[in-house]
$ cat query33.cif   # mmCIF, C-alpha atoms and all ligand atoms
data_input
#
loop_
_atom_site.label_atom_id
_atom_site.label_comp_id
_atom_site.auth_asym_id
_atom_site.auth_seq_id
_atom_site.Cartn_x
_atom_site.Cartn_y
_atom_site.Cartn_z
CA MET F 575 -18.83 -12.69 -0.27
CA SER F 576 -18.82 -10.16 2.51
CA THR F 577 -19.21 -10.29 6.26
CA ALA F 578 -19.89 -7.27 8.41
CA THR F 579 -18.17 -8.22 11.65
CA ARG F 580 -18.86 -5.01 13.51
CA ALA F 581 -21.43 -2.40 12.51
CA PRO F 582 -22.78 0.40 14.69
CA VAL F 583 -26.39 0.05 15.85
CA GLU F 584 -27.09 3.59 17.04
CA GLN F 585 -27.31 6.75 14.89
CA LEU F 586 -23.76 8.12 14.76
CA LEU F 587 -22.46 11.67 14.48
CA ALA F 588 -19.08 12.42 12.84
CA ARG F 589 -17.59 15.77 13.88
CA SER F 590 -14.46 17.37 12.35
CA ARG F 591 -12.92 20.40 14.03
CA ARG F 592 -9.66 22.27 13.58
CA VAL F 593 -7.03 21.87 16.31
CA GLU F 594 -3.76 23.65 17.09
CA HIS F 595 -1.08 21.01 16.74
CA ASP F 596 2.15 21.19 14.79
CA GLY F 597 3.82 18.03 16.11
CA ASP F 598 4.11 14.72 14.28
CA LEU F 599 0.72 13.16 13.40
CA LEU F 600 2.07 9.70 14.25
CA ASP F 601 2.88 10.89 17.80
CA LEU F 602 -0.86 11.35 18.38
CA LEU F 603 -1.53 7.59 18.23
CA PRO F 604 -2.25 6.83 21.90
CA SER F 605 -1.59 3.09 21.96
CA ALA F 606 -0.59 0.10 19.82
CA ASP F 607 -4.26 -0.90 19.37
CA HIS F 608 -6.28 -0.30 16.17
CA VAL F 609 -3.53 1.83 14.63
CA CYS F 610 -4.32 3.32 11.20
CA SER F 611 -2.01 5.54 9.17
CA TRP F 612 -1.59 7.21 5.79
CA VAL F 613 1.14 9.81 6.20
CA ARG F 614 3.53 11.43 3.71
CA GLU F 615 5.86 14.40 4.24
CA GLY F 616 4.23 15.01 7.64
CA GLU F 617 0.69 15.30 6.22
CA GLY F 618 -2.13 12.79 5.84
CA LEU F 619 -4.27 10.87 8.30
CA VAL F 620 -3.86 8.71 11.39
CA GLY F 621 -6.69 6.89 13.15
CA TRP F 622 -7.34 4.89 16.29
CA GLY F 623 -10.19 3.14 18.07
CA GLU F 624 -12.83 1.38 16.03
CA VAL F 625 -16.54 2.06 15.57
CA ALA F 626 -17.14 -0.37 12.71
CA ARG F 627 -15.41 -2.73 10.30
CA VAL F 628 -16.22 -4.97 7.39
CA VAL F 629 -14.27 -8.00 6.23
CA THR F 630 -14.65 -9.01 2.57
CA ALA F 631 -13.22 -11.68 0.29
CA GLY F 632 -13.47 -12.91 -3.29
CA PRO F 633 -13.43 -11.20 -6.69
CA ARG F 634 -15.70 -8.34 -5.54
CA ARG F 635 -13.85 -7.68 -2.25
CA ALA F 636 -13.07 -4.01 -3.02
CA GLU F 637 -16.50 -3.17 -4.49
CA ASP F 638 -18.21 -4.87 -1.52
CA ALA F 639 -16.13 -2.79 0.90
CA GLN F 640 -17.02 0.39 -1.05
CA ALA F 641 -20.75 -0.48 -1.01
CA TRP F 642 -20.70 -1.24 2.73
CA TRP F 643 -18.92 2.09 3.43
CA ASP F 644 -21.34 4.03 1.20
CA ARG F 645 -24.28 2.56 3.14
CA LEU F 646 -22.68 3.41 6.48
CA CYS F 647 -22.00 7.01 5.35
CA ALA F 648 -25.58 7.41 4.13
CA GLY F 649 -26.74 6.86 7.73
CA LEU F 650 -24.18 9.17 9.42
CA ASP F 651 -24.83 12.69 10.68
CA VAL F 652 -21.86 14.89 9.77
CA GLU F 653 -20.63 18.21 11.21
CA ASP F 654 -17.52 19.20 9.28
CA GLU F 655 -16.11 22.67 9.93
CA VAL F 656 -12.81 21.79 8.16
CA ARG F 657 -14.00 20.85 4.66
CA LEU F 658 -10.69 19.59 3.28
CA PRO F 659 -10.00 16.29 1.50
CA GLY F 660 -9.86 13.73 4.33
CA SER F 661 -12.01 15.71 6.79
CA GLY F 662 -15.45 14.36 7.70
CA PRO F 663 -15.89 10.60 8.08
CA VAL F 664 -13.09 8.43 6.70
CA ALA F 665 -12.30 4.72 6.69
CA PHE F 666 -8.97 2.95 6.24
CA THR F 667 -8.81 -0.12 4.07
CA SER F 668 -6.40 -2.89 3.08
CA ILE F 669 -7.45 -5.21 0.27
CA ALA F 670 -6.09 -8.74 -0.35
CA PHE F 671 -3.84 -9.17 -3.40
CA ALA F 672 -5.73 -12.17 -4.80
CA ASP F 673 -9.37 -13.15 -5.32
CA GLU F 674 -8.50 -16.07 -3.09
CA PRO F 675 -7.10 -16.83 -0.60
CA GLY F 676 -7.03 -13.81 1.66
CA THR F 677 -9.37 -11.41 3.40
CA SER F 678 -9.73 -7.66 3.01
CA VAL F 679 -10.71 -5.18 5.68
CA LEU F 680 -12.22 -1.71 5.93
CA VAL F 681 -12.00 -0.07 9.34
CA VAL F 682 -13.82 3.02 10.61
CA PRO F 683 -11.69 4.51 13.41
CA ARG F 684 -13.31 6.27 16.35
CA VAL F 685 -10.82 9.15 16.06
CA VAL F 686 -8.96 10.41 12.99
CA ALA F 687 -6.35 13.17 13.09
CA GLY F 688 -5.51 14.78 9.76
CA ARG F 689 -3.26 17.45 8.32
CA ARG F 690 -3.33 19.07 4.90
CA ASP F 691 -1.65 22.24 3.69
CA GLY F 692 -0.64 22.97 7.30
CA VAL F 693 -4.21 22.74 8.66
CA THR F 694 -4.65 20.12 11.39
CA TRP F 695 -8.00 18.67 12.45
CA VAL F 696 -9.58 15.88 14.45
CA THR F 697 -12.63 13.89 13.43
CA GLU F 698 -14.48 11.88 16.06
CA ILE F 699 -17.30 9.46 15.46
CA GLY F 700 -19.64 8.92 18.40
CA PRO F 701 -19.17 10.34 21.90
CA THR F 702 -15.81 11.92 22.82
CA ARG F 703 -13.61 9.78 25.05
CA THR F 704 -10.21 10.26 26.64
CA ASP F 705 -7.74 7.62 25.47
CA ALA F 706 -5.16 6.10 27.80
CA VAL F 707 -1.68 6.90 26.47
CA GLU F 708 0.83 4.06 26.37
CA PRO F 709 4.54 4.60 25.68
CA VAL F 710 6.03 3.26 22.43
CA GLY F 711 8.36 0.30 22.91
CA ALA F 712 11.11 -1.02 20.60
CA PRO F 713 10.93 -4.67 19.48
CA ARG F 714 13.44 -6.89 21.31
CA GLY F 715 15.25 -10.15 20.49
CA LEU F 716 14.52 -10.17 16.72
CA ARG F 717 15.02 -13.53 14.94
CA TYR F 718 14.76 -13.93 11.14
CA SER F 719 13.77 -16.83 8.90
CA ALA F 720 13.50 -16.92 5.10
CA ASP F 721 13.93 -19.45 2.30
CA PRO F 722 15.85 -17.63 -0.46
CA VAL F 723 17.04 -20.88 -2.07
CA ARG F 724 13.49 -22.02 -2.83
CA TRP F 725 12.56 -18.54 -4.12
CA ARG F 726 15.60 -18.42 -6.40
CA ALA F 727 14.42 -21.71 -7.96
CA ALA F 728 10.93 -20.24 -8.46
CA VAL F 729 12.48 -17.31 -10.36
CA GLY F 730 14.39 -19.78 -12.55
CA ALA F 731 11.14 -21.67 -13.26
CA ALA F 732 9.38 -18.40 -14.15
CA VAL F 733 12.13 -17.43 -16.62
CA THR F 734 11.79 -20.86 -18.29
CA ARG F 735 8.02 -20.43 -18.65
CA ILE F 736 8.43 -16.88 -20.01
CA ARG F 737 11.03 -18.03 -22.57
CA ALA F 738 8.65 -20.84 -23.59
CA GLY F 739 6.08 -18.16 -24.46
CA GLU F 740 3.51 -18.87 -21.72
CA LEU F 741 3.62 -15.23 -20.50
CA ASP F 742 5.69 -12.03 -20.81
CA LYS F 743 6.20 -10.88 -17.22
CA VAL F 744 5.40 -12.13 -13.73
CA VAL F 745 6.07 -10.46 -10.39
CA LEU F 746 7.29 -13.01 -7.84
CA ALA F 747 7.49 -12.21 -4.15
CA ARG F 748 8.91 -13.87 -1.06
CA ASP F 749 8.47 -13.39 2.67
CA LEU F 750 10.79 -13.01 5.63
CA VAL F 751 9.35 -13.94 9.01
CA VAL F 752 10.66 -12.03 12.03
CA GLU F 753 9.94 -13.10 15.60
CA ALA F 754 10.34 -10.72 18.52
CA ASP F 755 10.20 -11.45 22.25
CA ASP F 756 6.96 -9.47 22.75
CA ALA F 757 4.13 -7.96 20.71
CA ILE F 758 5.53 -5.52 18.12
CA ASP F 759 4.23 -1.94 18.50
CA PRO F 760 3.21 -0.71 15.01
CA ARG F 761 3.89 2.90 16.09
CA PHE F 762 7.60 2.11 16.47
CA VAL F 763 7.75 0.75 12.91
CA LEU F 764 5.69 3.61 11.46
CA SER F 765 7.71 6.43 13.00
CA HIS F 766 10.97 4.93 11.70
CA LEU F 767 9.54 4.40 8.23
CA ALA F 768 8.16 7.95 8.08
CA ALA F 769 11.48 9.44 9.21
CA ARG F 770 13.59 7.52 6.67
CA TYR F 771 11.14 7.38 3.71
CA PRO F 772 9.31 10.74 3.96
CA SER F 773 8.33 10.76 0.27
CA CYS F 774 6.59 7.37 0.61
CA TRP F 775 3.13 6.84 2.09
CA THR F 776 3.58 5.36 5.57
CA PHE F 777 0.51 3.19 6.07
CA ALA F 778 -1.08 0.96 8.69
CA VAL F 779 -4.42 -0.84 8.58
CA ASP F 780 -5.30 -3.77 10.84
CA GLY F 781 -1.67 -4.90 11.27
CA MET F 782 -0.54 -4.31 7.67
CA VAL F 783 2.23 -1.68 7.89
CA GLY F 784 4.75 -0.24 5.46
CA ALA F 785 6.01 2.74 3.48
CA THR F 786 4.97 2.48 -0.15
CA PRO F 787 6.24 4.58 -3.05
CA GLU F 788 3.47 3.35 -5.39
CA LEU F 789 0.09 5.09 -5.69
CA LEU F 790 -2.53 2.85 -7.30
CA VAL F 791 -5.20 5.56 -7.41
CA ARG F 792 -6.06 8.92 -5.91
CA ARG F 793 -9.63 10.09 -6.57
CA SER F 794 -10.60 13.71 -6.13
CA GLY F 795 -14.09 14.16 -7.55
CA PRO F 796 -14.07 12.99 -11.17
CA GLN F 797 -10.28 13.22 -11.42
CA VAL F 798 -8.05 10.22 -10.80
CA SER F 799 -4.29 9.85 -10.80
CA SER F 800 -1.90 6.98 -10.39
CA ARG F 801 1.87 6.52 -10.20
CA VAL F 802 3.07 3.21 -11.53
CA LEU F 803 6.54 1.88 -10.69
CA ALA F 804 8.49 -0.93 -12.34
CA GLY F 805 12.14 -1.30 -13.19
CA THR F 806 14.42 -1.10 -10.18
CA THR F 807 18.05 -0.62 -9.27
CA TRP F 808 19.77 0.02 -5.97
CA PRO F 809 22.94 1.71 -4.68
CA HIS F 810 26.12 -0.27 -5.36
CA ASP F 811 29.90 0.22 -5.69
CA GLY F 812 29.81 3.89 -4.68
CA VAL F 813 27.84 5.02 -7.78
CA THR F 814 26.26 8.46 -7.48
CA GLU F 815 22.49 9.02 -7.62
CA ALA F 816 22.85 10.52 -11.11
CA GLU F 817 24.79 7.47 -12.34
CA LEU F 818 22.17 5.15 -10.83
CA ALA F 819 19.40 7.05 -12.61
CA ALA F 820 21.30 6.93 -15.91
CA GLU F 821 21.84 3.15 -15.48
CA LEU F 822 18.13 2.61 -14.98
CA ARG F 823 17.14 4.72 -17.99
CA ALA F 824 19.64 2.83 -20.18
CA SER F 825 18.52 -0.66 -19.06
CA THR F 826 16.38 -2.28 -21.77
CA LYS F 827 15.32 -4.97 -19.27
CA ASP F 828 14.00 -2.37 -16.79
CA GLN F 829 12.41 -0.29 -19.54
CA GLY F 830 10.66 -3.45 -20.74
CA GLU F 831 9.38 -4.28 -17.23
CA HIS F 832 8.14 -0.72 -16.91
CA ARG F 833 6.36 -0.79 -20.26
CA TYR F 834 4.35 -3.89 -19.28
CA ALA F 835 3.25 -2.22 -16.03
CA LEU F 836 2.40 1.12 -17.64
CA THR F 837 0.50 -0.51 -20.53
CA SER F 838 -1.65 -2.54 -18.12
CA LEU F 839 -2.43 0.54 -16.01
CA VAL F 840 -3.38 2.69 -19.01
CA ALA F 841 -5.58 -0.07 -20.50
CA ALA F 842 -7.41 -0.47 -17.19
CA LEU F 843 -7.83 3.30 -16.72
CA GLU F 844 -9.21 3.63 -20.24
CA ARG F 845 -12.02 1.25 -19.26
CA VAL F 846 -13.23 3.60 -16.49
CA CYS F 847 -12.11 7.03 -17.74
CA ALA F 848 -13.27 9.37 -20.48
CA ARG F 849 -9.75 10.85 -20.81
CA VAL F 850 -6.35 9.40 -19.86
CA GLU F 851 -3.07 11.31 -19.93
CA VAL F 852 0.35 9.71 -19.51
CA GLN F 853 3.18 11.88 -18.19
CA GLU F 854 6.86 11.38 -18.92
CA THR F 855 8.63 8.48 -17.21
CA GLU F 856 10.96 9.64 -14.43
CA VAL F 857 13.40 8.05 -12.01
CA LEU F 858 12.17 7.95 -8.40
CA GLN F 859 15.08 7.84 -5.95
CA LEU F 860 14.62 6.40 -2.48
CA ARG F 861 17.40 5.64 -0.02
CA ASN F 862 17.26 1.86 -0.65
CA VAL F 863 16.24 1.66 -4.34
CA ALA F 864 15.49 3.70 -7.47
CA HIS F 865 12.52 2.99 -9.75
CA LEU F 866 11.24 3.99 -13.16
CA ALA F 867 8.02 5.87 -12.37
CA THR F 868 5.19 7.21 -14.54
CA THR F 869 2.23 9.32 -13.42
CA VAL F 870 -1.03 8.79 -15.29
CA THR F 871 -4.12 10.98 -14.82
CA GLY F 872 -7.70 10.60 -16.01
CA ASP F 873 -11.30 11.83 -15.76
CA LEU F 874 -13.81 9.21 -14.64
CA ALA F 875 -16.48 8.35 -17.19
CA ASP F 876 -18.93 7.89 -14.30
CA ALA F 877 -18.22 10.48 -11.61
CA THR F 878 -20.12 8.44 -8.99
CA THR F 879 -17.57 5.58 -9.05
CA GLY F 880 -15.92 5.42 -5.62
CA VAL F 881 -12.14 5.13 -5.23
CA LEU F 882 -12.32 1.47 -4.11
CA THR F 883 -14.35 0.56 -7.17
CA VAL F 884 -11.78 2.33 -9.37
CA ALA F 885 -9.02 0.39 -7.59
CA ALA F 886 -10.86 -2.86 -8.30
CA ALA F 887 -10.81 -2.01 -12.02
CA LEU F 888 -7.04 -1.34 -11.97
CA HIS F 889 -5.78 -4.12 -9.70
CA PRO F 890 -3.53 -6.02 -10.27
CA THR F 891 -1.44 -4.00 -12.72
CA ALA F 892 1.65 -5.67 -14.14
CA ALA F 893 3.70 -3.79 -11.51
CA VAL F 894 2.63 -6.44 -8.97
CA GLY F 895 0.92 -9.10 -11.16
CA GLY F 896 2.25 -9.57 -14.68
CA THR F 897 1.36 -9.83 -18.37
CA PRO F 898 -1.08 -11.21 -19.39
CA THR F 899 -2.77 -10.61 -16.03
CA GLU F 900 -4.77 -13.87 -15.73
CA VAL F 901 -1.81 -16.07 -16.67
CA ALA F 902 0.50 -14.16 -14.33
CA VAL F 903 -1.89 -14.43 -11.38
CA ARG F 904 -2.09 -18.20 -11.94
CA VAL F 905 1.72 -18.52 -12.25
CA ILE F 906 2.16 -16.49 -9.03
CA ALA F 907 -0.14 -18.92 -7.18
CA GLU F 908 1.77 -21.90 -8.62
CA LEU F 909 5.34 -20.69 -8.13
CA GLU F 910 5.38 -18.46 -5.05
CA GLY F 911 4.15 -21.17 -2.72
CA MET F 912 2.72 -18.65 -0.25
CA ASP F 913 -0.41 -16.61 0.43
CA ARG F 914 0.37 -12.93 -0.23
CA GLY F 915 -2.49 -11.90 2.03
CA ARG F 916 -2.80 -8.11 1.74
CA TYR F 917 0.79 -7.58 0.49
CA ALA F 918 0.77 -5.80 -2.92
CA GLY F 919 -2.98 -5.12 -2.60
CA PRO F 920 -4.60 -1.66 -2.44
CA VAL F 921 -4.19 0.13 0.91
CA GLY F 922 -5.24 3.59 2.05
CA TRP F 923 -8.28 5.68 2.94
CA VAL F 924 -11.71 6.57 1.57
CA ASP F 925 -14.07 9.39 2.52
CA ALA F 926 -17.84 9.84 2.43
CA HIS F 927 -17.74 11.31 -1.11
CA GLY F 928 -15.95 8.27 -2.59
CA ASP F 929 -12.66 10.21 -2.72
CA GLY F 930 -9.45 8.89 -1.23
CA GLU F 931 -5.99 7.55 -1.87
CA LEU F 932 -4.99 3.92 -2.30
CA GLY F 933 -1.39 2.82 -2.62
CA LEU F 934 -0.08 -0.68 -3.12
CA ALA F 935 0.96 -2.39 0.13
CA LEU F 936 4.68 -2.70 -0.75
CA ARG F 937 7.77 -2.34 1.48
CA SER F 938 5.44 -3.80 4.04
CA ALA F 939 4.88 -6.35 6.77
CA GLU F 940 1.92 -7.99 8.38
CA LEU F 941 2.18 -7.65 12.16
CA ALA F 942 0.49 -10.25 14.37
CA GLY F 943 1.52 -10.16 18.03
CA ALA F 944 5.27 -10.82 18.28
CA THR F 945 5.55 -11.83 14.59
CA ALA F 946 6.20 -9.64 11.56
CA ARG F 947 5.92 -11.14 8.10
CA LEU F 948 7.84 -8.96 5.65
CA PHE F 949 7.31 -9.15 1.87
CA ALA F 950 9.24 -8.14 -1.23
CA GLY F 951 9.02 -9.03 -4.89
CA GLY F 952 10.25 -8.08 -8.30
CA GLY F 953 9.24 -8.26 -11.93
CA ILE F 954 10.60 -11.30 -13.82
CA VAL F 955 11.03 -11.10 -17.61
CA ALA F 956 12.80 -13.29 -20.20
CA ASP F 957 16.30 -12.02 -19.37
CA SER F 958 15.99 -11.95 -15.55
CA ASP F 959 18.76 -13.48 -13.46
CA PRO F 960 17.68 -15.22 -10.20
CA ASP F 961 20.65 -13.91 -8.14
CA HIS F 962 20.03 -10.36 -9.31
CA GLU F 963 16.32 -10.67 -8.47
CA LEU F 964 17.15 -12.02 -5.01
CA ALA F 965 19.41 -9.01 -4.40
CA GLU F 966 16.56 -6.73 -5.55
CA THR F 967 14.16 -8.25 -3.00
CA ASP F 968 16.84 -7.85 -0.29
CA ALA F 969 17.04 -4.14 -1.16
CA LYS F 970 13.23 -3.88 -0.97
CA LEU F 971 13.15 -5.56 2.45
CA VAL F 972 15.51 -2.91 3.89
CA PRO F 973 12.88 -0.30 4.90
CA VAL F 974 10.84 -2.54 7.24
CA ARG F 975 13.91 -4.47 8.45
CA ASP F 976 15.63 -1.24 9.45
CA ALA F 977 12.43 0.07 11.03
CA LEU F 978 12.10 -3.07 13.20
CA GLU F 979 15.75 -2.75 14.17
CA GLY F 980 15.23 0.94 14.97
CA VAL F 981 18.04 2.06 12.63
CA GLU F 982 18.27 5.86 12.90
CA ALA F 983 21.11 6.92 10.60
C1 LIG M 1001 6.80 -5.99 -5.93
C2 LIG M 1001 7.42 -4.94 -5.40
O1 LIG M 1001 7.66 -3.78 -6.06
C3 LIG M 1001 7.11 -3.58 -7.36
C4 LIG M 1001 8.00 -4.10 -8.42
C5 LIG M 1001 8.99 -3.33 -8.99
C6 LIG M 1001 9.96 -3.93 -9.99
O2 LIG M 1001 9.81 -5.11 -10.32
O3 LIG M 1001 10.90 -3.24 -10.44
C7 LIG M 1001 9.08 -1.96 -8.67
C8 LIG M 1001 8.16 -1.37 -7.87
C9 LIG M 1001 6.92 -2.08 -7.49
O4 LIG M 1001 5.94 -1.87 -8.47
C10 LIG M 1001 7.84 -4.93 -3.96
O5 LIG M 1001 8.34 -3.91 -3.49
O6 LIG M 1001 7.66 -5.95 -3.28
#

$ encode --input "query33.cif" --output "structure tokens"
Amino acid sequence: MSTATRAPVEQLLARSRRVEHDGDLLDLLPSADHVCSWVREGEGLVGWGEVARVVTAGPRRAEDAQAWWDRLCAGLDVEDEVRLPGSGPVAFTSIAFADEPGTSVLVVPRVVAGRRDGVTWVTEIGPTRTDAVEPVGAPRGLRYSADPVRWRAAVGAAVTRIRAGELDKVVLARDLVVEADDAIDPRFVLSHLAARYPSCWTFAVDGMVGATPELLVRRSGPQVSSRVLAGTTWPHDGVTEAELAAELRASTKDQGEHRYALTSLVAALERVCARVEVQETEVLQLRNVAHLATTVTGDLADATTGVLTVAAALHPTAAVGGTPTEVAVRVIAELEGMDRGRYAGPVGWVDAHGDGELGLALRSAELAGATARLFAGGGIVADSDPDHELAETDAKLVPVRDALEGVEA
């Protein structure tokens, strides 16, 4: 099922030209409206304005978005003097976690500013316009509400079902609703996330914002790569980073969680790739948590498969779903008691060649007016402890919480 809610009627021209700008890409966003972002280590893409969008739902939500975008690109005139990945027409997309409920969106911004290897450019679709610049405001009067007691019980129920042999692993998530006095400016959240989590991808699409460390798929021609995360610890009792990494490597529970996630990713990649290569598992250190991380690369069997279609084949891995996938997705719906919406779904950008980068919308929140709904989850296996899992989700909520609070240190 797919509904085009806004499609251009006239013949459109997309123009990319180099610009002299060495400031922060996020500082180019003129207002809080239609903010799009995919920024890491100061490079990437930001977008604003909107020339077209499609809203999709159901089991083919990502493929439908890809097909709609391909059709739109086929009718575009393009002048691209930059010719780098991400120049020329691009769209930003955020796909729902589940087949249902939830809606997915693909947005074509009117203006995109990009930077890669120190080269900065601007792509405009349609006639050039001057945007009114509005100052960025901090959220005020933040109030929090969550139900950790109910979630703890859900984790206990999941452990019972895993021990009974119904499934091996399930990722359970919870939300934290934050109310502010006025509409929350996504630019405020994004600039704090990017400053404190520079190695993560700071993303925004249609109100879904966050800084994710997990790359579901990057497509560059026939080559794809992915970085799967599972198995988590966080700073405690003054342990050093090296000690934390050693703890994680030595934890059979975390290694087990990681193996389920990696196995599911590799099996899914093997269905769409002619060659798959698994790199060595590493420890990824962030300021709030550390994860076991494995990069997997592959060559697409069919080089015409667009990045969103590849994502559809991979999602959900057992990093955000579980093992076996179908059982885990059903258990998530039964035990979580909430609609994940676009949390833990693919998020990122696509270009006119089917290339792009899609992360998983983790360490994220859905912004709607003065409300932010934050999400965090963790992998549950046979020997998981509900209190420990609750503490893990608290650690994963830190990035967006701190960003809303404007924590600088
Ligand atoms: C589900 C989340 O994170 C995922 C689960 C992890 C785990 O269980 O160890 C680690 C990284 C992510 O793949 C989240 O951040 O909400």

$ closest_atom_pairs --input "query33.cif" --of "chain F" --to "ligand LIG 1001 (chain M)" --cutoff "6 Å" --atoms "all atoms listed in the file" --output "JSON lines"
{"residue": "F:Leu803", "atom": "CA", "partner": "M:LIG1001", "partner_atom": "O4", "distance": 4.4}
{"residue": "F:Ala804", "atom": "CA", "partner": "M:LIG1001", "partner_atom": "O3", "distance": 3.8}
{"residue": "F:Gly805", "atom": "CA", "partner": "M:LIG1001", "partner_atom": "O3", "distance": 3.6}
{"residue": "F:Thr806", "atom": "CA", "partner": "M:LIG1001", "partner_atom": "O3", "distance": 4.1}
{"residue": "F:Ala893", "atom": "CA", "partner": "M:LIG1001", "partner_atom": "O4", "distance": 4.2}
{"residue": "F:Val894", "atom": "CA", "partner": "M:LIG1001", "partner_atom": "C1", "distance": 5.2}
{"residue": "F:Leu936", "atom": "CA", "partner": "M:LIG1001", "partner_atom": "O5", "distance": 4.7}
{"residue": "F:Arg937", "atom": "CA", "partner": "M:LIG1001", "partner_atom": "O5", "distance": 5.2}
{"residue": "F:Ala950", "atom": "CA", "partner": "M:LIG1001", "partner_atom": "O6", "distance": 3.4}
{"residue": "F:Gly951", "atom": "CA", "partner": "M:LIG1001", "partner_atom": "O6", "distance": 3.7}
{"residue": "F:Gly952", "atom": "CA", "partner": "M:LIG1001", "partner_atom": "O2", "distance": 3.6}
{"residue": "F:Gly953", "atom": "CA", "partner": "M:LIG1001", "partner_atom": "O2", "distance": 3.6}
{"residue": "F:Lys970", "atom": "CA", "partner": "M:LIG1001", "partner_atom": "O5", "distance": 5.5}

$ write_last_selection --input "query33.cif" --atoms "C-alpha atoms" --output "PDB file, keeping the file's coordinate frame"
ATOM      1  CA  LEU F 803       6.540   1.880 -10.690  1.00  0.00           C
ATOM      2  CA  ALA F 804       8.490  -0.930 -12.340  1.00  0.00           C
ATOM      3  CA  GLY F 805      12.140  -1.300 -13.190  1.00  0.00           C
ATOM      4  CA  THR F 806      14.420  -1.100 -10.180  1.00  0.00           C
ATOM      5  CA  ALA F 893       3.700  -3.790 -11.510  1.00  0.00           C
ATOM      6  CA  VAL F 894       2.630  -6.440  -8.970  1.00  0.00           C
ATOM      7  CA  LEU F 936       4.680  -2.700  -0.750  1.00  0.00           C
ATOM      8  CA  ARG F 937       7.770  -2.340   1.480  1.00  0.00           C
ATOM      9  CA  ALA F 950       9.240  -8.140  -1.230  1.00  0.00           C
ATOM     10  CA  GLY F 951       9.020  -9.030  -4.890  1.00  0.00           C
ATOM     11  CA  GLY F 952      10.250  -8.080  -8.300  1.00  0.00           C
ATOM     12  CA  GLY F 953       9.240  -8.260 -11.930  1.00  0.00           C
ATOM     13  CA  LYS F 970      13.230  -3.880  -0.970  1.00  0.00           C
TER      14      LYS F 970
END

$ atom_distance --input "query33.cif" --atom1 "CA of Gly621 in chain F" --atom2 "CA of Asp925 in chain F"
13.2 Å

$ atom_distance --input "query33.cif" --atom1 "CA of Gly616 in chain F" --atom2 "CA of Ala588 in chain F"
24.0 Å

$ closest_atom_pairs --input "query33.cif" --of "range 654-674 of chain F" --to "range 687-692 of chain F" --cutoff "9 Å" --atoms "only C-alpha atoms" --output "JSON lines"
{"residue": "F:Leu658", "atom": "CA", "partner": "F:Arg690", "partner_atom": "CA", "distance": 7.6}
{"residue": "F:Pro659", "atom": "CA", "partner": "F:Arg690", "partner_atom": "CA", "distance": 8.0}
{"residue": "F:Gly660", "atom": "CA", "partner": "F:Gly688", "partner_atom": "CA", "distance": 7.0}
{"residue": "F:Ser661", "atom": "CA", "partner": "F:Gly688", "partner_atom": "CA", "distance": 7.2}

$ write_last_selection --input "query33.cif" --atoms "C-alpha atoms" --output "PDB file, keeping the file's coordinate frame"
ATOM      1  CA  LEU F 658     -10.690  19.590   3.280  1.00  0.00           C
ATOM      2  CA  PRO F 659     -10.000  16.290   1.500  1.00  0.00           C
ATOM      3  CA  GLY F 660      -9.860  13.730   4.330  1.00  0.00           C
ATOM      4  CA  SER F 661     -12.010  15.710   6.790  1.00  0.00           C
TER       5      SER F 661
END

$ residues_around --input "query33.cif" --residues "range 855-867 of chain F" --least-positions-apart "5" --cutoff "10 Å" --atoms "all atoms listed in the file" --output "VMD selection string"
chain F and resid 770 to 774 787 to 788 801 to 809 815 to 816 818 to 820 822 to 823 828 to 829 831 to 833 836 966 968 to 973

$ write_last_selection --input "query33.cif" --atoms "C-alpha atoms" --output "JSON list (two decimals), keeping the file's coordinate frame"
[["chain", "number", "residue", "atom", "x", "y", "z"],
["F", 770, "ARG", "CA", 13.59, 7.52, 6.67],
["F", 771, "TYR", "CA", 11.14, 7.38, 3.71],
["F", 772, "PRO", "CA", 9.31, 10.74, 3.96],
["F", 773, "SER", "CA", 8.33, 10.76, 0.27],
["F", 774, "CYS", "CA", 6.59, 7.37, 0.61],
["F", 787, "PRO", "CA", 6.24, 4.58, -3.05],
["F", 788, "GLU", "CA", 3.47, 3.35, -5.39],
["F", 801, "ARG", "CA", 1.87, 6.52, -10.20],
["F", 802, "VAL", "CA", 3.07, 3.21, -11.53],
["F", 803, "LEU", "CA", 6.54, 1.88, -10.69],
["F", 804, "ALA", "CA", 8.49, -0.93, -12.34],
["F", 805, "GLY", "CA", 12.14, -1.30, -13.19],
["F", 806, "THR", "CA", 14.42, -1.10, -10.18],
["F", 807, "THR", "CA", 18.05, -0.62, -9.27],
["F", 808, "TRP", "CA", 19.77, 0.02, -5.97],
["F", 809, "PRO", "CA", 22.94, 1.71, -4.68],
["F", 815, "GLU", "CA", 22.49, 9.02, -7.62],
["F", 816, "ALA", "CA", 22.85, 10.52, -11.11],
["F", 818, "LEU", "CA", 22.17, 5.15, -10.83],
["F", 819, "ALA", "CA", 19.40, 7.05, -12.61],
["F", 820, "ALA", "CA", 21.30, 6.93, -15.91],
["F", 822, "LEU", "CA", 18.13, 2.61, -14.98],
["F", 823, "ARG", "CA", 17.14, 4.72, -17.99],
["F", 828, "ASP", "CA", 14.00, -2.37, -16.79],
["F", 829, "GLN", "CA", 12.41, -0.29, -19.54],
["F", 831, "GLU", "CA", 9.38, -4.28, -17.23],
["F", 832, "HIS", "CA", 8.14, -0.72, -16.91],
["F", 833, "ARG", "CA", 6.36, -0.79, -20.26],
["F", 836, "LEU", "CA", 2.40, 1.12, -17.64],
["F", 966, "GLU", "CA", 16.56, -6.73, -5.55],
["F", 968, "ASP", "CA", 16.84, -7.85, -0.29],
["F", 969, "ALA", "CA", 17.04, -4.14, -1.16],
["F", 970, "LYS", "CA", 13.23, -3.88, -0.97],
["F", 971, "LEU", "CA", 13.15, -5.56, 2.45],
["F", 972, "VAL", "CA", 15.51, -2.91, 3.89],
["F", 973, "PRO", "CA", 12.88, -0.30, 4.90]]
